[in-house]
$ cat target-v4.pdb   # PDB, C-alpha atoms
ATOM      1  CA  MET C 281      89.994  -9.455 -47.302
ATOM      2  CA  ARG C 282      90.064  -5.953 -45.833
ATOM      3  CA  ASN C 283      87.841  -6.214 -42.792
ATOM      4  CA  LYS C 284      90.222  -6.459 -39.804
ATOM      5  CA  LEU C 285      92.077  -3.443 -38.411
ATOM      6  CA  SER C 286      94.785  -3.127 -35.766
ATOM      7  CA  ILE C 287      95.722   0.157 -34.089
ATOM      8  CA  ILE C 288      99.203   0.163 -32.533
ATOM      9  CA  ILE C 289      99.799   2.939 -29.998
ATOM     10  CA  SER C 290     103.232   3.557 -28.546
ATOM     11  CA  ALA C 291     103.039   5.018 -25.030
ATOM     12  CA  PHE C 292     105.750   6.087 -22.602
ATOM     13  CA  ASN C 293     104.683   7.997 -19.464
ATOM     14  CA  GLU C 294     101.421   9.173 -21.057
ATOM     15  CA  GLU C 295      99.003   8.594 -18.168
ATOM     16  CA  GLU C 296      97.350  11.985 -18.685
ATOM     17  CA  ASN C 297      96.655  11.338 -22.362
ATOM     18  CA  ILE C 298      95.410   7.743 -22.413
ATOM     19  CA  ASN C 299      91.748   8.385 -21.547
ATOM     20  CA  GLU C 300      91.333  11.329 -23.923
ATOM     21  CA  LEU C 301      93.047   9.389 -26.691
ATOM     22  CA  TYR C 302      90.679   6.460 -26.159
ATOM     23  CA  ILE C 303      87.642   8.760 -26.264
ATOM     24  CA  GLN C 304      88.700  10.351 -29.548
ATOM     25  CA  LEU C 305      89.755   7.017 -30.998
ATOM     26  CA  SER C 306      86.453   5.332 -30.082
ATOM     27  CA  ARG C 307      84.454   8.031 -31.862
ATOM     28  CA  VAL C 308      86.308   7.284 -35.078
ATOM     29  CA  LEU C 309      86.404   3.497 -34.796
ATOM     30  CA  ASN C 310      82.646   3.339 -34.144
ATOM     31  CA  LEU C 311      82.125   4.888 -37.594
ATOM     32  CA  LEU C 312      84.151   2.239 -39.369
ATOM     33  CA  ARG C 313      82.470  -0.768 -40.910
ATOM     34  CA  MET C 314      85.015  -3.374 -39.922
ATOM     35  CA  LYS C 315      84.521  -6.988 -38.923
ATOM     36  CA  SER C 316      87.204  -6.775 -36.267
ATOM     37  CA  ILE C 317      89.142  -3.942 -34.604
ATOM     38  CA  GLU C 318      91.859  -4.230 -31.993
ATOM     39  CA  ILE C 319      93.587  -1.417 -30.092
ATOM     40  CA  ILE C 320      97.082  -2.411 -29.000
ATOM     41  CA  PHE C 321      98.709  -0.160 -26.428
ATOM     42  CA  VAL C 322     102.463  -0.760 -26.212
ATOM     43  CA  ASP C 323     103.562   0.438 -22.791
ATOM     44  CA  ASP C 324     107.249   1.203 -23.316
ATOM     45  CA  GLY C 325     108.316   0.676 -19.711
ATOM     46  CA  SER C 326     106.386   3.660 -18.350
ATOM     47  CA  LYS C 327     107.140   4.749 -14.791
ATOM     48  CA  ASP C 328     103.798   6.470 -14.227
ATOM     49  CA  LYS C 329     100.247   5.036 -14.316
ATOM     50  CA  THR C 330     100.124   4.486 -18.076
ATOM     51  CA  LEU C 331      99.791   0.705 -17.704
ATOM     52  CA  LEU C 332      97.034   1.021 -15.087
ATOM     53  CA  LYS C 333      95.109   3.444 -17.318
ATOM     54  CA  CYS C 334      95.342   0.993 -20.209
ATOM     55  CA  MET C 335      94.163  -1.899 -18.037
ATOM     56  CA  GLU C 336      91.190   0.166 -16.885
ATOM     57  CA  LEU C 337      90.213   0.662 -20.523
ATOM     58  CA  GLN C 338      90.681  -3.023 -21.207
ATOM     59  CA  ARG C 339      88.213  -3.996 -18.481
ATOM     60  CA  LYS C 340      85.436  -2.115 -20.257
ATOM     61  CA  ASP C 341      86.494  -2.643 -23.870
ATOM     62  CA  PRO C 342      87.613  -6.103 -25.072
ATOM     63  CA  ARG C 343      89.143  -4.524 -28.180
ATOM     64  CA  VAL C 344      91.948  -3.142 -26.011
ATOM     65  CA  LYS C 345      95.098  -5.244 -25.768
ATOM     66  CA  ILE C 346      98.350  -4.364 -24.038
ATOM     67  CA  VAL C 347     101.992  -5.134 -24.695
ATOM     68  CA  HIS C 348     103.868  -4.248 -21.515
ATOM     69  CA  PHE C 349     107.636  -3.811 -21.692
ATOM     70  CA  SER C 350     109.677  -4.637 -18.603
ATOM     71  CA  LYS C 351     111.763  -1.503 -19.294
ATOM     72  CA  ASN C 352     112.008   1.327 -21.789
ATOM     73  CA  PHE C 353     113.238  -0.175 -25.073
ATOM     74  CA  GLY C 354     112.489   2.807 -27.296
ATOM     75  CA  HIS C 355     109.857   3.990 -29.740
ATOM     76  CA  GLU C 356     110.982   1.974 -32.772
ATOM     77  CA  ILE C 357     111.079  -1.289 -30.807
ATOM     78  CA  ALA C 358     107.657  -0.508 -29.340
ATOM     79  CA  MET C 359     106.170  -0.310 -32.838
ATOM     80  CA  THR C 360     107.984  -3.517 -33.788
ATOM     81  CA  ALA C 361     106.455  -5.298 -30.795
ATOM     82  CA  GLY C 362     103.038  -4.004 -31.787
ATOM     83  CA  MET C 363     103.484  -5.534 -35.248
ATOM     84  CA  ASP C 364     104.444  -8.868 -33.693
ATOM     85  CA  TYR C 365     101.085  -9.092 -31.922
ATOM     86  CA  ALA C 366      98.809  -7.318 -34.437
ATOM     87  CA  GLU C 367      96.359  -9.570 -36.283
ATOM     88  CA  GLY C 368      94.648  -7.046 -38.546
ATOM     89  CA  ASP C 369      94.579  -6.997 -42.338
ATOM     90  CA  ALA C 370      95.939  -3.480 -41.940
ATOM     91  CA  VAL C 371      97.846  -1.800 -39.141
ATOM     92  CA  VAL C 372      97.700   1.853 -38.111
ATOM     93  CA  PHE C 373     100.698   3.195 -36.174
ATOM     94  CA  MET C 374     100.355   6.224 -33.895
ATOM     95  CA  ASP C 375     101.670   7.801 -30.688
ATOM     96  CA  ALA C 376      99.729   8.315 -27.485
ATOM     97  CA  ASP C 377     100.458  12.037 -27.123
ATOM     98  CA  LEU C 378      97.434  13.065 -29.278
ATOM     99  CA  GLN C 379      99.684  14.827 -31.775
ATOM    100  CA  HIS C 380      98.590  12.156 -34.237
ATOM    101  CA  PRO C 381      94.881  13.083 -34.525
ATOM    102  CA  PRO C 382      92.712   9.928 -34.464
ATOM    103  CA  ALA C 383      90.171  11.634 -36.747
ATOM    104  CA  TYR C 384      92.382  10.909 -39.764
ATOM    105  CA  ILE C 385      92.143   7.155 -39.260
ATOM    106  CA  LYS C 386      88.749   7.089 -40.995
ATOM    107  CA  GLN C 387      90.283   8.627 -44.106
ATOM    108  CA  MET C 388      93.194   6.183 -43.934
ATOM    109  CA  VAL C 389      90.853   3.185 -43.816
ATOM    110  CA  GLU C 390      88.765   4.502 -46.722
ATOM    111  CA  LEU C 391      91.892   4.908 -48.848
ATOM    112  CA  TRP C 392      93.040   1.425 -47.853
ATOM    113  CA  LYS C 393      89.704  -0.135 -48.800
ATOM    114  CA  ASN C 394      89.996   1.591 -52.172
ATOM    115  CA  GLY C 395      93.178  -0.335 -52.877
ATOM    116  CA  ASN C 396      95.979   1.767 -51.378
ATOM    117  CA  ASP C 397      98.303  -0.465 -49.379
ATOM    118  CA  ILE C 398     100.420   2.278 -47.754
ATOM    119  CA  ILE C 399      98.980   5.544 -46.471
ATOM    120  CA  LEU C 400     101.452   7.991 -44.940
ATOM    121  CA  THR C 401     100.851  11.307 -43.250
ATOM    122  CA  ARG C 402     102.667  14.578 -43.766
ATOM    123  CA  ARG C 403     102.819  17.115 -40.930
ATOM    124  CA  VAL C 404     102.411  20.555 -42.514
ATOM    125  CA  ASP C 405     102.706  22.305 -39.149
ATOM    126  CA  ASN C 406     103.229  21.530 -35.487
ATOM    127  CA  GLU C 407     101.587  23.805 -32.949
ATOM    128  CA  SER C 408     103.845  22.538 -30.143
ATOM    129  CA  THR C 409     107.210  23.380 -31.687
ATOM    130  CA  SER C 410     109.040  26.688 -31.947
ATOM    131  CA  LYS C 411     110.532  28.218 -35.078
ATOM    132  CA  ILE C 412     114.027  27.346 -33.817
ATOM    133  CA  TYR C 413     113.075  23.669 -33.441
ATOM    134  CA  LYS C 414     111.524  23.644 -36.919
ATOM    135  CA  PHE C 415     114.705  25.146 -38.372
ATOM    136  CA  ILE C 416     116.869  22.567 -36.591
ATOM    137  CA  SER C 417     114.578  19.776 -37.805
ATOM    138  CA  LYS C 418     114.756  21.003 -41.401
ATOM    139  CA  THR C 419     118.564  21.220 -41.198
ATOM    140  CA  PHE C 420     118.745  17.738 -39.697
ATOM    141  CA  TYR C 421     116.827  16.169 -42.582
ATOM    142  CA  LYS C 422     118.988  17.939 -45.145
ATOM    143  CA  ILE C 423     122.160  16.590 -43.503
ATOM    144  CA  LEU C 424     120.595  13.146 -43.040
ATOM    145  CA  ASN C 425     119.518  12.845 -46.673
ATOM    146  CA  TYR C 426     122.864  14.137 -47.890
ATOM    147  CA  PHE C 427     124.709  11.335 -46.126
ATOM    148  CA  SER C 428     122.038   8.662 -46.533
ATOM    149  CA  ASP C 429     121.565   6.427 -49.573
ATOM    150  CA  VAL C 430     117.854   6.212 -48.705
ATOM    151  CA  GLN C 431     115.912   9.470 -48.808
ATOM    152  CA  ILE C 432     113.902   9.968 -45.624
ATOM    153  CA  LEU C 433     110.945  12.303 -45.942
ATOM    154  CA  GLU C 434     110.817  15.396 -43.795
ATOM    155  CA  ASN C 435     107.717  15.897 -41.643
ATOM    156  CA  ALA C 436     106.479  12.354 -42.270
ATOM    157  CA  PRO C 437     105.883  11.031 -38.735
ATOM    158  CA  ASP C 438     105.190   7.466 -37.614
ATOM    159  CA  PHE C 439     101.451   8.007 -38.115
ATOM    160  CA  ARG C 440     100.559   5.711 -40.981
ATOM    161  CA  LEU C 441      98.592   2.716 -42.239
ATOM    162  CA  LEU C 442     100.239  -0.377 -43.708
ATOM    163  CA  ASP C 443      98.589  -3.341 -45.366
ATOM    164  CA  ARG C 444      99.261  -6.767 -43.884
ATOM    165  CA  LYS C 445     101.649  -7.824 -46.669
ATOM    166  CA  TYR C 446     103.940  -4.895 -45.851
ATOM    167  CA  VAL C 447     103.667  -5.517 -42.114
ATOM    168  CA  ASP C 448     104.791  -9.117 -42.652
ATOM    169  CA  PHE C 449     107.655  -7.875 -44.821
ATOM    170  CA  LEU C 450     108.842  -5.456 -42.122
ATOM    171  CA  LYS C 451     108.693  -8.223 -39.523
ATOM    172  CA  SER C 452     111.196 -10.191 -41.593
ATOM    173  CA  PHE C 453     113.907  -7.573 -41.070
ATOM    174  CA  ASN C 454     116.620  -8.941 -38.812
ATOM    175  CA  GLU C 455     117.899  -5.675 -37.347
ATOM    176  CA  ARG C 456     118.224  -4.396 -33.829
ATOM    177  CA  ASP C 457     118.193  -0.700 -34.710
ATOM    178  CA  PHE C 458     115.100  -0.300 -36.828
ATOM    179  CA  LEU C 459     114.126   3.048 -38.346
ATOM    180  CA  PHE C 460     110.623   2.797 -39.822
ATOM    181  CA  ARG C 461     110.861   6.020 -41.811
ATOM    182  CA  GLY C 462     113.904   4.783 -43.659
ATOM    183  CA  VAL C 463     112.857   1.161 -44.121
ATOM    184  CA  LEU C 464     109.580   2.181 -45.768
ATOM    185  CA  ASN C 465     111.579   3.734 -48.583
ATOM    186  CA  LEU C 466     113.043   0.288 -49.241
ATOM    187  CA  ILE C 467     109.522  -1.068 -49.764
ATOM    188  CA  THR C 468     108.104   1.357 -52.285
ATOM    189  CA  SER C 469     108.715   4.708 -53.924
ATOM    190  CA  THR C 470     107.201   7.603 -52.011
ATOM    191  CA  GLU C 471     106.095   9.053 -55.342
ATOM    192  CA  LYS C 472     103.539   6.250 -55.570
ATOM    193  CA  THR C 473     102.404   6.591 -51.972
ATOM    194  CA  VAL C 474      99.246   8.321 -50.791
ATOM    195  CA  PHE C 475      99.768  11.138 -48.282
ATOM    196  CA  ILE C 476      97.362  12.770 -45.861
ATOM    197  CA  ASP C 477      98.363  16.271 -44.760
ATOM    198  CA  PHE C 478      97.588  17.271 -41.185
ATOM    199  CA  ILE C 479      98.439  19.861 -38.557
ATOM    200  CA  ALA C 480      99.811  18.390 -35.345
ATOM    201  CA  PRO C 481      97.931  19.956 -32.407
ATOM    202  CA  LYS C 482      99.528  20.855 -29.128
ATOM    203  CA  ARG C 483     100.030  18.035 -26.683
ATOM    204  CA  PHE C 484      96.897  17.410 -24.644
ATOM    205  CA  ALA C 485      99.036  16.927 -21.518
ATOM    206  CA  GLY C 486     102.586  16.140 -20.470
ATOM    207  CA  LYS C 487     105.889  16.902 -22.139
ATOM    208  CA  THR C 488     107.564  15.499 -25.215
ATOM    209  CA  LYS C 489     109.796  12.473 -24.653
ATOM    210  CA  TYR C 490     112.081  13.351 -27.558
ATOM    211  CA  THR C 491     114.889  15.149 -25.759
ATOM    212  CA  PHE C 492     117.854  16.636 -27.615
ATOM    213  CA  SER C 493     120.035  13.648 -26.728
ATOM    214  CA  LYS C 494     117.451  11.168 -28.046
ATOM    215  CA  SER C 495     117.043  13.187 -31.238
ATOM    216  CA  ALA C 496     120.818  13.297 -31.719
ATOM    217  CA  LYS C 497     121.045   9.523 -31.197
ATOM    218  CA  LEU C 498     118.251   8.998 -33.718
ATOM    219  CA  ALA C 499     120.108  11.169 -36.228
ATOM    220  CA  ALA C 500     123.339   9.217 -35.823
ATOM    221  CA  ASN C 501     121.572   5.854 -36.069
ATOM    222  CA  SER C 502     119.699   6.999 -39.169
ATOM    223  CA  ILE C 503     122.911   7.820 -41.007
ATOM    224  CA  LEU C 504     124.753   4.673 -39.901
ATOM    225  CA  GLN C 505     121.829   2.386 -40.793
ATOM    226  CA  PHE C 506     121.222   3.570 -44.322
ATOM    227  CA  SER C 507     124.558   4.725 -45.678
ATOM    228  CA  VAL C 508     128.282   4.093 -45.904
ATOM    229  CA  LYS C 509     128.890   7.639 -47.121
ATOM    230  CA  PRO C 510     130.521   8.644 -43.806
ATOM    231  CA  LEU C 511     133.250   6.089 -44.520
ATOM    232  CA  TYR C 512     133.909   7.654 -47.921
ATOM    233  CA  PHE C 513     133.773  11.061 -46.247
ATOM    234  CA  ALA C 514     136.466   9.859 -43.823
ATOM    235  CA  LEU C 515     138.510   8.588 -46.769
ATOM    236  CA  TRP C 516     138.400  11.969 -48.493
ATOM    237  CA  LEU C 517     139.320  13.718 -45.251
ATOM    238  CA  ALA C 518     142.344  11.456 -44.981
ATOM    239  CA  ILE C 519     143.332  12.264 -48.575
ATOM    240  CA  ILE C 520     142.855  16.000 -48.071
ATOM    241  CA  SER C 521     144.811  16.002 -44.799
ATOM    242  CA  ALA C 522     147.635  14.050 -46.479
ATOM    243  CA  CYS C 523     147.728  16.593 -49.320
ATOM    244  CA  LEU C 524     147.815  19.487 -46.859
ATOM    245  CA  ALA C 525     150.592  17.827 -44.870
ATOM    246  CA  GLY C 526     152.522  17.248 -48.108
ATOM    247  CA  GLY C 527     151.949  20.873 -49.111
ATOM    248  CA  ILE C 528     153.332  22.085 -45.804
ATOM    249  CA  GLY C 529     156.392  19.877 -46.313
ATOM    250  CA  ILE C 530     156.985  21.209 -49.842
ATOM    251  CA  HIS C 531     156.557  24.774 -48.580
ATOM    252  CA  ALA C 532     159.157  24.159 -45.869
ATOM    253  CA  ILE C 533     161.626  22.756 -48.448
ATOM    254  CA  ILE C 534     161.130  25.727 -50.783
ATOM    255  CA  GLU C 535     161.554  28.152 -47.915
ATOM    256  CA  TYR C 536     164.756  26.472 -46.757
ATOM    257  CA  PHE C 537     166.568  25.738 -50.038
ATOM    258  CA  PHE C 538     165.320  28.403 -52.455
ATOM    259  CA  LEU C 539     164.233  31.390 -50.377
ATOM    260  CA  ASN C 540     166.851  31.150 -47.615
ATOM    261  CA  ASN C 541     164.120  31.634 -45.049
ATOM    262  CA  PRO C 542     164.014  28.485 -42.866
ATOM    263  CA  THR C 543     160.582  27.758 -41.350
ATOM    264  CA  PRO C 544     160.678  27.319 -37.569
ATOM    265  CA  GLY C 545     160.646  23.557 -37.069
ATOM    266  CA  PHE C 546     158.850  23.501 -33.710
ATOM    267  CA  ALA C 547     155.746  25.393 -34.905
ATOM    268  CA  THR C 548     155.521  23.351 -38.109
ATOM    269  CA  THR C 549     155.840  20.053 -36.246
ATOM    270  CA  ILE C 550     153.187  20.974 -33.715
ATOM    271  CA  ALA C 551     150.754  22.152 -36.409
ATOM    272  CA  ILE C 552     151.132  19.013 -38.517
ATOM    273  CA  THR C 553     150.952  16.705 -35.492
ATOM    274  CA  VAL C 554     147.760  18.276 -34.142
ATOM    275  CA  PHE C 555     146.114  18.385 -37.568
ATOM    276  CA  MET C 556     146.950  14.785 -38.492
ATOM    277  CA  GLY C 557     146.075  13.535 -35.015
ATOM    278  CA  SER C 558     142.666  15.195 -35.150
ATOM    279  CA  MET C 559     141.932  13.703 -38.571
ATOM    280  CA  ASN C 560     142.974  10.246 -37.416
ATOM    281  CA  LEU C 561     140.753  10.406 -34.344
ATOM    282  CA  PHE C 562     137.792  11.627 -36.389
ATOM    283  CA  ILE C 563     138.190   8.870 -38.981
ATOM    284  CA  LEU C 564     138.643   6.212 -36.294
ATOM    285  CA  ALA C 565     135.448   7.434 -34.595
ATOM    286  CA  ILE C 566     133.460   6.917 -37.808
ATOM    287  CA  ILE C 567     134.913   3.453 -38.348
ATOM    288  CA  GLY C 568     134.329   2.625 -34.678
ATOM    289  CA  ALA C 569     130.650   3.587 -34.957
ATOM    290  CA  TYR C 570     130.129   1.107 -37.776
ATOM    291  CA  ILE C 571     132.054  -1.605 -35.899
ATOM    292  CA  ALA C 572     129.869  -0.965 -32.842
ATOM    293  CA  LYS C 573     126.780  -1.508 -34.991
ATOM    294  CA  ILE C 574     128.174  -4.791 -36.256
ATOM    295  CA  HIS C 575     129.102  -5.808 -32.696
ATOM    296  CA  LEU C 576     125.542  -5.271 -31.427
ATOM    297  CA  GLU C 577     123.842  -6.917 -34.403
ATOM    298  CA  THR C 578     125.976 -10.067 -34.319
ATOM    299  CA  LYS C 579     125.193 -10.760 -30.650
ATOM    300  CA  LYS C 580     121.636 -11.743 -31.643
ATOM    301  CA  ARG C 581     120.237 -10.689 -28.296
ATOM    302  CA  PRO C 582     116.448 -10.578 -27.798
ATOM    303  CA  LEU C 583     114.988  -7.345 -29.043
ATOM    304  CA  TYR C 584     112.651  -6.876 -26.080
ATOM    305  CA  PHE C 585     110.911  -8.639 -23.212
ATOM    306  CA  ALA C 586     107.198  -8.068 -22.911
ATOM    307  CA  GLU C 587     103.989  -9.360 -21.386
ATOM    308  CA  TYR C 588     101.023  -9.575 -23.722
ATOM    309  CA  ILE C 589      97.821  -8.794 -21.829
ATOM    310  CA  THR C 590      94.366  -9.570 -23.246
ATOM    311  CA  SER C 591      91.029  -9.348 -21.427
ATOM    312  CA  GLY C 592      92.827  -8.496 -18.207
ATOM    313  CA  LYS C 593      94.934 -11.683 -18.266
ATOM    314  CA  LYS C 594      98.663 -12.018 -18.823
ATOM    315  CA  LEU C 595     100.047 -14.845 -20.866
ATOM    316  CA  LYS C 596     101.743 -17.269 -18.512
ATOM    317  CA  GLY C 597     105.405 -16.458 -18.197
ATOM    318  CA  GLY C 598     105.093 -13.393 -20.353
ATOM    319  CA  LYS C 599     106.376 -13.253 -23.904
ATOM    320  CA  THR C 600     109.953 -12.944 -25.096
ATOM    321  CA  LYS C 601     110.568 -11.863 -28.672
ATOM    322  CA  ASN C 602     113.940 -12.677 -30.164
ATOM    323  CA  TYR C 603     114.613 -10.497 -33.175
ATOM    324  CA  SER C 604     116.853 -13.170 -34.722
ATOM    325  CA  LYS C 605     113.757 -15.364 -35.160
ATOM    326  CA  ARG C 606     111.521 -12.610 -36.432
TER     327      ARG C 606
END
$ encode --input "target-v4.pdb" --output "structure tokens"
Amino acid sequence: MRNKLSIIISAFNEEENINELYIQLSRVLNLLRMKSIEIIFVDDGSKDKTLLKCMELQRKDPRVKIVHFSKNFGHEIAMTAGMDYAEGDAVVFMDADLQHPPAYIKQMVELWKNGNDIILTRRVDNESTSKIYKFISKTFYKILNYFSDVQILENAPDFRLLDRKYVDFLKSFNERDFLFRGVLNLITSTEKTVFIDFIAPKRFAGKTKYTFSKSAKLAANSILQFSVKPLYFALWLAIISACLAGGIGIHAIIEYFFLNNPTPGFATTIAITVFMGSMNLFILAIIGAYIAKIHLETKKRPLYFAEYITSGKKLKGGKTKNYSKR
């Protein structure tokens, strides 16, 4: 059956956007012919009044449910928590900053009812970003897809609809670092996926939470999660550096024995030592990054701690979700 819909909204310090988002979302949801609709706000440890705003909405609309994190666990984990509590036959994922226009949800649902199990969106433009940021973003995806075994689409944000069977499949993943954009490519070919093009409007209020450091961390995690190419890259660097070091040694021998022009030993030693040391450190850093991933995954720590709030009431004792039992 395709008559129950869940909307998962990730929110971190979005107090100024919550009410306007709800207004726009309600206009769309009231047009849908669905037996059941739930709006799940995932408060990702906000330090402002985001939680209070959500609870105010919940008091007047029983469709509103809240997953409240005890601290900021990150955007990907917030969406994972939303999936854990969603009961719909389909789940729509979106952010609370109003750069994912709620108006497109109606089109998503229509496509889903017509038999499409995955509906993705493609951002053709973003009114909030500069040309420099767009260039950096384009370069990032080229580097990411070069090193990654799984091709991750550019300008395909976490604004999408997934059928229940795919939601259940994603919940079975036993990973701490979870990148939705990459994992979806493990489910189905993007060539067979329906896309909705949209222009991301300017933020209604507030500032973006994706700082440069967070974006850089996301880039590194994306490469480490979906590829071992960096390890082969390190191997080739080691081979190339060994060849260069051997070439320098052969050159020194030729200079000394055949050309009667001895190469100064101090300069040669320093150059080779610095070069080989730098290569070793770089290669060890790559290997260390993968070992760190293994270290974190094998600990099997809970993915998040959250309280699930429905109809203004918290579940007794809150709710702990352990990703190893997902």
$ closest_residue --input "target-v4.pdb" --among "C:Leu517, C:Ala383, C:Ile319, C:Met388" --to "C:Gly368" --atoms "all atoms listed in the file"
C:Ile319
$ resolve_selection --input "target-v4.pdb" --expression "the PyMOL selection byres ((chain C and resi 291) around 7)" --output "list in words"
Ile289, Ser290, Phe292, Asn293, Glu294, Phe321, Val322, Asp323, Asp324, Asp375 and Ala376 of chain C
$ atom_distance --input "target-v4.pdb" --atom1 "atom CA of C:Ala480" --atom2 "atom CA of C:Gln379"
5.0 Å
$ closest_residue --input "target-v4.pdb" --among "C:Thr360, C:Asp477, C:Gln304, C:His355" --to "C:Lys451" --atoms "only C-alpha atoms"
C:Thr360
$ resolve_selection --input "target-v4.pdb" --expression "the PyMOL selection byres ((chain C and resi 400) around 9)" --output "PDB file with C-alpha atoms, keeping the file's coordinate frame"
ATOM      1  CA  MET C 388      93.194   6.183 -43.934  1.00  0.00           C
ATOM      2  CA  ILE C 398     100.420   2.278 -47.754  1.00  0.00           C
ATOM      3  CA  ILE C 399      98.980   5.544 -46.471  1.00  0.00           C
ATOM      4  CA  THR C 401     100.851  11.307 -43.250  1.00  0.00           C
ATOM      5  CA  ARG C 402     102.667  14.578 -43.766  1.00  0.00           C
ATOM      6  CA  ALA C 436     106.479  12.354 -42.270  1.00  0.00           C
ATOM      7  CA  PRO C 437     105.883  11.031 -38.735  1.00  0.00           C
ATOM      8  CA  ASP C 438     105.190   7.466 -37.614  1.00  0.00           C
ATOM      9  CA  PHE C 439     101.451   8.007 -38.115  1.00  0.00           C
ATOM     10  CA  ARG C 440     100.559   5.711 -40.981  1.00  0.00           C
ATOM     11  CA  LEU C 441      98.592   2.716 -42.239  1.00  0.00           C
ATOM     12  CA  LEU C 442     100.239  -0.377 -43.708  1.00  0.00           C
ATOM     13  CA  THR C 473     102.404   6.591 -51.972  1.00  0.00           C
ATOM     14  CA  VAL C 474      99.246   8.321 -50.791  1.00  0.00           C
ATOM     15  CA  PHE C 475      99.768  11.138 -48.282  1.00  0.00           C
ATOM     16  CA  ILE C 476      97.362  12.770 -45.861  1.00  0.00           C
ATOM     17  CA  ASP C 477      98.363  16.271 -44.760  1.00  0.00           C
TER      18      ASP C 477
END
$ residues_around --input "target-v4.pdb" --residues "C:His348" --least-positions-apart "4" --cutoff "10 Å" --atoms "only C-alpha atoms" --output "MDAnalysis selection string"
chainID C and resid 291 321:326 331 352 358 361 585:589 594 598:599
$ atom_distance --input "target-v4.pdb" --atom1 "atom CA of C:Ile571" --atom2 "atom CA of C:Met359"
26.1 Å
$ atom_distance --input "target-v4.pdb" --atom1 "atom CA of C:Arg403" --atom2 "atom CA of C:Leu391"
18.2 Å
$ closest_residue --input "target-v4.pdb" --among "C:Pro481, C:Asn396, C:Tyr426, C:Pro510" --to "C:Phe562" --atoms "all atoms listed in the file"
C:Pro510
$ closest_residue --input "target-v4.pdb" --among "C:Ile320, C:Met335, C:Val308, C:Ala569" --to "C:Glu295" --atoms "only C-alpha atoms"
C:Met335
$ residues_around --input "target-v4.pdb" --residues "C:Leu285" --least-positions-apart "5" --cutoff "10 Å" --atoms "only C-alpha atoms" --output "ChimeraX atom specification"
/C:309,312,314-319,366-372,389,441,443-444
$ write_last_selection --input "target-v4.pdb" --atoms "C-alpha atoms" --output "compact mmCIF listing (two decimals), in the frame of the given file"
# COMPACT_ATOMS: atom_id res chain seq x y z
CA LEU C 309 86.40 3.50 -34.80
CA LEU C 312 84.15 2.24 -39.37
CA MET C 314 85.02 -3.37 -39.92
CA LYS C 315 84.52 -6.99 -38.92
CA SER C 316 87.20 -6.78 -36.27
CA ILE C 317 89.14 -3.94 -34.60
CA GLU C 318 91.86 -4.23 -31.99
CA ILE C 319 93.59 -1.42 -30.09
CA ALA C 366 98.81 -7.32 -34.44
CA GLU C 367 96.36 -9.57 -36.28
CA GLY C 368 94.65 -7.05 -38.55
CA ASP C 369 94.58 -7.00 -42.34
CA ALA C 370 95.94 -3.48 -41.94
CA VAL C 371 97.85 -1.80 -39.14
CA VAL C 372 97.70 1.85 -38.11
CA VAL C 389 90.85 3.18 -43.82
CA LEU C 441 98.59 2.72 -42.24
CA ASP C 443 98.59 -3.34 -45.37
CA ARG C 444 99.26 -6.77 -43.88
$ resolve_selection --input "target-v4.pdb" --expression "the PyMOL selection byres ((chain C and resi 515) around 12)" --output "PyMOL selection string"
chain C and resi 508-514+516-522+559-560+562-564+566-567
$ closest_residue --input "target-v4.pdb" --among "C:Ile357, C:Ile287, C:Ile412, C:Ala485" --to "C:Phe460" --atoms "only C-alpha atoms"
C:Ile357
